Amino acid sequence: MHAYLIEMLECPVCHDELEWRISRRRGERIESAEARCQGCAAVYPVLEGVGLFLTPDPPRNDLWGQVDSQLAKYLREHSEVEQRLMDVSADELAPADLFYRALVLEERGEYEAAKELEEQAKAGIYTEGYLACSESQRNYVIERLSESDGPIVDTASGRCYLVEEMARRLECLIVATDLSPRVLRQDRRRLESFGLYDKISLLAFDARRTPFRNGAVGTLTTNVGLSNIEEPGNLLSELRRVVGGQFLAISHFYPEGDEVNAMALREAGLSSLIFRNAATDAFIATGWEVGIVNECSGRAEPTPKSEVLGGAQVDAFPVQETMLQWGVIMAR
Ligand SMILES: C[S@@+](CC[C@H](N)C(=O)[O-])C[C@H]1O[C@@H](n2cnc3c(N)ncnc32)[C@H](O)[C@@H]1O
């Protein structure tokens with residue numbers, strides 16, 4: 001993480017000041033450090049340049065310790081499956097398997113080959129409408145932010161699809177954040193290999209309990225992050241607390257009355273922001289001024305299953321064909 005972030009950060013539990021002990025710097029970056037809260041004595045480390053601001057509540061596994069993904073572990077234990085995925089011509093693989101092969105290549109550090117394969121896989125996994133709407137939203141956000149001085153903070157950054165495009169097309173500094181340190185660690189390696197890491201900082205935290213001071217974030221973005229956060233609870237109030245400027249949230253909404261998908265999303269704890277009107281109301285109820293722009297809609301189907309990995313699916317939703325309405329929630 002870049003050292004400029006110190007000014008923006010506080011304890012995500014009790015909101016007191018942090019005392020920093022920096023053990024390794026590299027230019028403007030902090031590679032290794034410990035931030036101790038002066039109020040509650042919680043300690044937040046920076047490891048391999050990634051700031052770890054995860055709180056004990058809610059409890060979660062030590063993802064940092066899981067160096068290899070579940071996929072890599074499974075393939076190591078099932079060499080015949082690995083051969084069927086990696087040792088055949090790409091033309092013989094189903095789209096989902098192309099995607100999983102790309103993930104394996106990425107774990108092996110073959111980032112260019114992985115990216116090419118992932119692009120090929122996406123064309124078979126998603127409908128044309130889904131891909132077009134998604135691209136249109138990313139372009140819209142990047143154009144809106146073309147004059148931004150930054151830093152731009154992105155939340156639920158995942159594999160950094162939006163962050164990567166912003167880093168390629170915008171000049172300003174960017175902070176990619178996610179609940180999962182393992183995902184961020186992988187992001188670091190990929191971004192370094194593409195020469196994009198210089199302007200990016202990586203922070204791990206739960207978006208429902210962030211380590212930012214009140215109003216410290218000038219611009220917050222997310223690419224379909226809101227609908228991926230389980231039990232969002234106070235999420236929008238917490239984001240309202242830290243955003244001093246604008247929040248641009250790329251979102252897609254399910255049609256009112258799409259009960260089959262709504263029920264499946266509800267069971268996964270992901271239902272509260274899936275309908276356009278309810279999402280807008282939730283923003284207003286937490287003190288935001290909100291509008292939805294750049295709207296478009298596209299058909300979405302359940303993502304096809306893997307033929308090699310026991311029917312695994314790239315995305316869990318939708319569970320039934322539907323028409324997704326896309327847009328950017330612009331909130332202040
Ligand atoms: C599908 S990704 C979103 C796509 C991503 N924004 C991109 O542009 O590539 C969803 C991410 O949300 C993260 N996530 C889930 N719950 C979260 C939470 N409570 N706080 C922060 N991130 C969370 C997951 O770890 C996952 O990486």
# chains A, B, ... in the order shown; residues from 1 in each chain; ligands from 1

call {"tool": "residues_near_ligand", "arguments": {"ligand": "ligand 1", "cutoff": "8 Å", "atoms": "only C-alpha atoms and all ligand atoms", "output": "PDB file with N, CA and C atoms, in the first residue's frame"}}
result
ATOM      1  N   ASP A 154     -11.895   1.436  -4.835  1.00  0.00           N
ATOM      2  CA  ASP A 154     -12.860   0.482  -5.393  1.00  0.00           C
ATOM      3  C   ASP A 154     -13.147  -0.564  -4.323  1.00  0.00           C
ATOM      4  N   THR A 155     -14.401  -0.944  -4.165  1.00  0.00           N
ATOM      5  CA  THR A 155     -14.733  -1.927  -3.126  1.00  0.00           C
ATOM      6  C   THR A 155     -15.251  -3.223  -3.744  1.00  0.00           C
ATOM      7  N   ALA A 156     -15.061  -4.334  -3.014  1.00  0.00           N
ATOM      8  CA  ALA A 156     -15.364  -5.672  -3.528  1.00  0.00           C
ATOM      9  C   ALA A 156     -14.708  -5.841  -4.894  1.00  0.00           C
ATOM     10  N   SER A 157     -13.410  -5.521  -4.954  1.00  0.00           N
ATOM     11  CA  SER A 157     -12.696  -5.468  -6.242  1.00  0.00           C
ATOM     12  C   SER A 157     -12.485  -6.832  -6.875  1.00  0.00           C
ATOM     13  N   GLY A 158     -12.514  -7.896  -6.085  1.00  0.00           N
ATOM     14  CA  GLY A 158     -12.408  -9.253  -6.636  1.00  0.00           C
ATOM     15  C   GLY A 158     -11.198  -9.395  -7.541  1.00  0.00           C
ATOM     16  N   ARG A 159     -11.418  -9.895  -8.737  1.00  0.00           N
ATOM     17  CA  ARG A 159     -10.315 -10.113  -9.681  1.00  0.00           C
ATOM     18  C   ARG A 159      -9.928  -8.836 -10.425  1.00  0.00           C
ATOM     19  N   CYS A 160     -10.467  -7.705  -9.952  1.00  0.00           N
ATOM     20  CA  CYS A 160     -10.014  -6.381 -10.432  1.00  0.00           C
ATOM     21  C   CYS A 160     -10.339  -6.091 -11.898  1.00  0.00           C
ATOM     22  N   TYR A 161     -11.458  -6.597 -12.415  1.00  0.00           N
ATOM     23  CA  TYR A 161     -11.785  -6.284 -13.819  1.00  0.00           C
ATOM     24  C   TYR A 161     -11.912  -4.774 -14.010  1.00  0.00           C
ATOM     25  N   LEU A 162     -12.661  -4.117 -13.113  1.00  0.00           N
ATOM     26  CA  LEU A 162     -12.825  -2.665 -13.244  1.00  0.00           C
ATOM     27  C   LEU A 162     -11.522  -1.944 -12.896  1.00  0.00           C
ATOM     28  N   VAL A 163     -10.880  -2.358 -11.805  1.00  0.00           N
ATOM     29  CA  VAL A 163      -9.638  -1.693 -11.369  1.00  0.00           C
ATOM     30  C   VAL A 163      -8.590  -1.753 -12.482  1.00  0.00           C
ATOM     31  N   THR A 177      -9.803  -2.988  -3.087  1.00  0.00           N
ATOM     32  CA  THR A 177     -10.067  -3.543  -1.761  1.00  0.00           C
ATOM     33  C   THR A 177     -11.000  -4.751  -1.878  1.00  0.00           C
ATOM     34  N   ASP A 178     -10.843  -5.674  -0.969  1.00  0.00           N
ATOM     35  CA  ASP A 178     -11.693  -6.869  -0.990  1.00  0.00           C
ATOM     36  C   ASP A 178     -11.629  -7.525   0.379  1.00  0.00           C
ATOM     37  N   LEU A 179     -12.642  -8.372   0.625  1.00  0.00           N
ATOM     38  CA  LEU A 179     -12.665  -9.146   1.865  1.00  0.00           C
ATOM     39  C   LEU A 179     -11.539 -10.183   1.894  1.00  0.00           C
ATOM     40  N   SER A 180     -11.123 -10.641   0.721  1.00  0.00           N
ATOM     41  CA  SER A 180     -10.226 -11.788   0.656  1.00  0.00           C
ATOM     42  C   SER A 180      -8.766 -11.399   0.406  1.00  0.00           C
ATOM     43  N   VAL A 183      -7.300 -13.229  -2.689  1.00  0.00           N
ATOM     44  CA  VAL A 183      -7.634 -12.641  -3.989  1.00  0.00           C
ATOM     45  C   VAL A 183      -6.731 -11.432  -4.253  1.00  0.00           C
ATOM     46  N   ALA A 204      -7.231  -5.132   2.415  1.00  0.00           N
ATOM     47  CA  ALA A 204      -8.256  -6.139   2.716  1.00  0.00           C
ATOM     48  C   ALA A 204      -9.112  -5.629   3.870  1.00  0.00           C
ATOM     49  N   PHE A 205     -10.412  -5.543   3.636  1.00  0.00           N
ATOM     50  CA  PHE A 205     -11.350  -5.244   4.724  1.00  0.00           C
ATOM     51  C   PHE A 205     -12.755  -5.614   4.294  1.00  0.00           C
ATOM     52  N   ASP A 206     -13.617  -5.678   5.279  1.00  0.00           N
ATOM     53  CA  ASP A 206     -15.027  -5.951   5.020  1.00  0.00           C
ATOM     54  C   ASP A 206     -15.705  -4.616   4.716  1.00  0.00           C
ATOM     55  N   ALA A 207     -16.371  -4.524   3.575  1.00  0.00           N
ATOM     56  CA  ALA A 207     -16.992  -3.246   3.181  1.00  0.00           C
ATOM     57  C   ALA A 207     -18.050  -2.793   4.194  1.00  0.00           C
ATOM     58  N   ARG A 208     -18.502  -3.708   5.053  1.00  0.00           N
ATOM     59  CA  ARG A 208     -19.489  -3.322   6.074  1.00  0.00           C
ATOM     60  C   ARG A 208     -18.810  -2.708   7.289  1.00  0.00           C
ATOM     61  N   THR A 222     -17.598   0.601  -7.447  1.00  0.00           N
ATOM     62  CA  THR A 222     -17.656  -0.852  -7.350  1.00  0.00           C
ATOM     63  C   THR A 222     -18.257  -1.400  -8.635  1.00  0.00           C
ATOM     64  N   ASN A 223     -17.755  -2.557  -9.039  1.00  0.00           N
ATOM     65  CA  ASN A 223     -18.277  -3.230 -10.232  1.00  0.00           C
ATOM     66  C   ASN A 223     -19.055  -4.453  -9.754  1.00  0.00           C
ATOM     67  N   VAL A 224     -20.360  -4.345  -9.777  1.00  0.00           N
ATOM     68  CA  VAL A 224     -21.281  -5.370  -9.235  1.00  0.00           C
ATOM     69  C   VAL A 224     -20.830  -5.925  -7.873  1.00  0.00           C
ATOM     70  N   GLY A 225     -20.274  -5.034  -7.073  1.00  0.00           N
ATOM     71  CA  GLY A 225     -19.840  -5.454  -5.737  1.00  0.00           C
ATOM     72  C   GLY A 225     -21.002  -5.512  -4.760  1.00  0.00           C
ATOM     73  N   LEU A 226     -21.915  -4.532  -4.835  1.00  0.00           N
ATOM     74  CA  LEU A 226     -22.980  -4.449  -3.814  1.00  0.00           C
ATOM     75  C   LEU A 226     -23.789  -5.735  -3.757  1.00  0.00           C
ATOM     76  N   ASN A 228     -22.864  -8.618  -4.345  1.00  0.00           N
ATOM     77  CA  ASN A 228     -22.075  -9.790  -3.939  1.00  0.00           C
ATOM     78  C   ASN A 228     -21.763  -9.809  -2.453  1.00  0.00           C
ATOM     79  N   ILE A 229     -22.255  -8.818  -1.716  1.00  0.00           N
ATOM     80  CA  ILE A 229     -21.943  -8.761  -0.286  1.00  0.00           C
ATOM     81  C   ILE A 229     -23.082  -9.391   0.507  1.00  0.00           C
ATOM     82  N   GLU A 230     -22.753 -10.467   1.192  1.00  0.00           N
ATOM     83  CA  GLU A 230     -23.780 -11.200   1.952  1.00  0.00           C
ATOM     84  C   GLU A 230     -24.262 -10.363   3.129  1.00  0.00           C
ATOM     85  N   PRO A 232     -25.953  -7.547   3.720  1.00  0.00           N
ATOM     86  CA  PRO A 232     -25.347  -6.203   3.686  1.00  0.00           C
ATOM     87  C   PRO A 232     -25.645  -5.360   4.926  1.00  0.00           C
TER      88      PRO A 232
END

call {"tool": "residues_around", "arguments": {"residues": "A:Asp16", "least_positions_apart": "5", "cutoff": "9 Å", "atoms": "only C-alpha atoms", "output": "PyMOL selection string"}}
result
chain A and resi 10-11+37-40

call {"tool": "residues_around", "arguments": {"residues": "A:Gly218", "least_positions_apart": "2", "cutoff": "7 Å", "atoms": "only C-alpha atoms", "output": "VMD selection string"}}
result
chain A and resid 216 220 243 to 246

call {"tool": "atom_distance", "arguments": {"atom1": "atom CA of A:Leu5", "atom2": "atom CA of A:Ala33"}}
result
13.0 Å

call {"tool": "closest_residue", "arguments": {"among": "A:Glu289, A:Glu135, A:Glu82, A:Asp187", "to": "A:Arg240", "atoms": "only C-alpha atoms"}}
result
A:Glu289

call {"tool": "select_by_dssp", "arguments": {"residues": "stretch 29-233 of chain A", "states": "helix (DSSP H, G or I)", "output": "number ranges by chain"}}
result
A: 63-65, 70-77, 79-86, 90-92, 95-107, 111-125, 128-144, 161-169, 181-193, 197-199, 226-228

call {"tool": "residues_around", "arguments": {"residues": "A:Glu112", "least_positions_apart": "4", "cutoff": "12 Å", "atoms": "only C-alpha atoms", "output": "MDAnalysis selection string"}}
result
chainID A and resid 102:103 105:108 116:119 190:195

call {"tool": "closest_atom_pairs", "arguments": {"of": "stretch 225-257 of chain A", "to": "stretch 293-299 of chain A", "cutoff": "10 Å", "atoms": "only C-alpha atoms", "output": "Markdown table"}}
result
| residue | atom | partner | partner_atom | distance |
| --- | --- | --- | --- | --- |
| A:Leu248 | CA | A:Val293 | CA | 9.8 |
| A:Ile250 | CA | A:Val293 | CA | 9.7 |
| A:Ser251 | CA | A:Glu295 | CA | 9.7 |
| A:His252 | CA | A:Ser297 | CA | 8.7 |
| A:Phe253 | CA | A:Ser297 | CA | 9.2 |

call {"tool": "residues_around", "arguments": {"residues": "A:Ile274", "least_positions_apart": "2", "cutoff": "10 Å", "atoms": "only C-alpha atoms", "output": "PyMOL selection string"}}
result
chain A and resi 226-228+251-256+261-262+265-266+270-272+276-279+324

call {"tool": "atom_distance", "arguments": {"atom1": "atom CA of A:Glu307", "atom2": "atom CA of A:Glu321"}}
result
20.6 Å

call {"tool": "closest_residue", "arguments": {"among": "A:Asp198, A:Gly109, A:Ala331, A:Ala167", "to": "A:Arg26", "atoms": "only C-alpha atoms"}}
result
A:Asp198
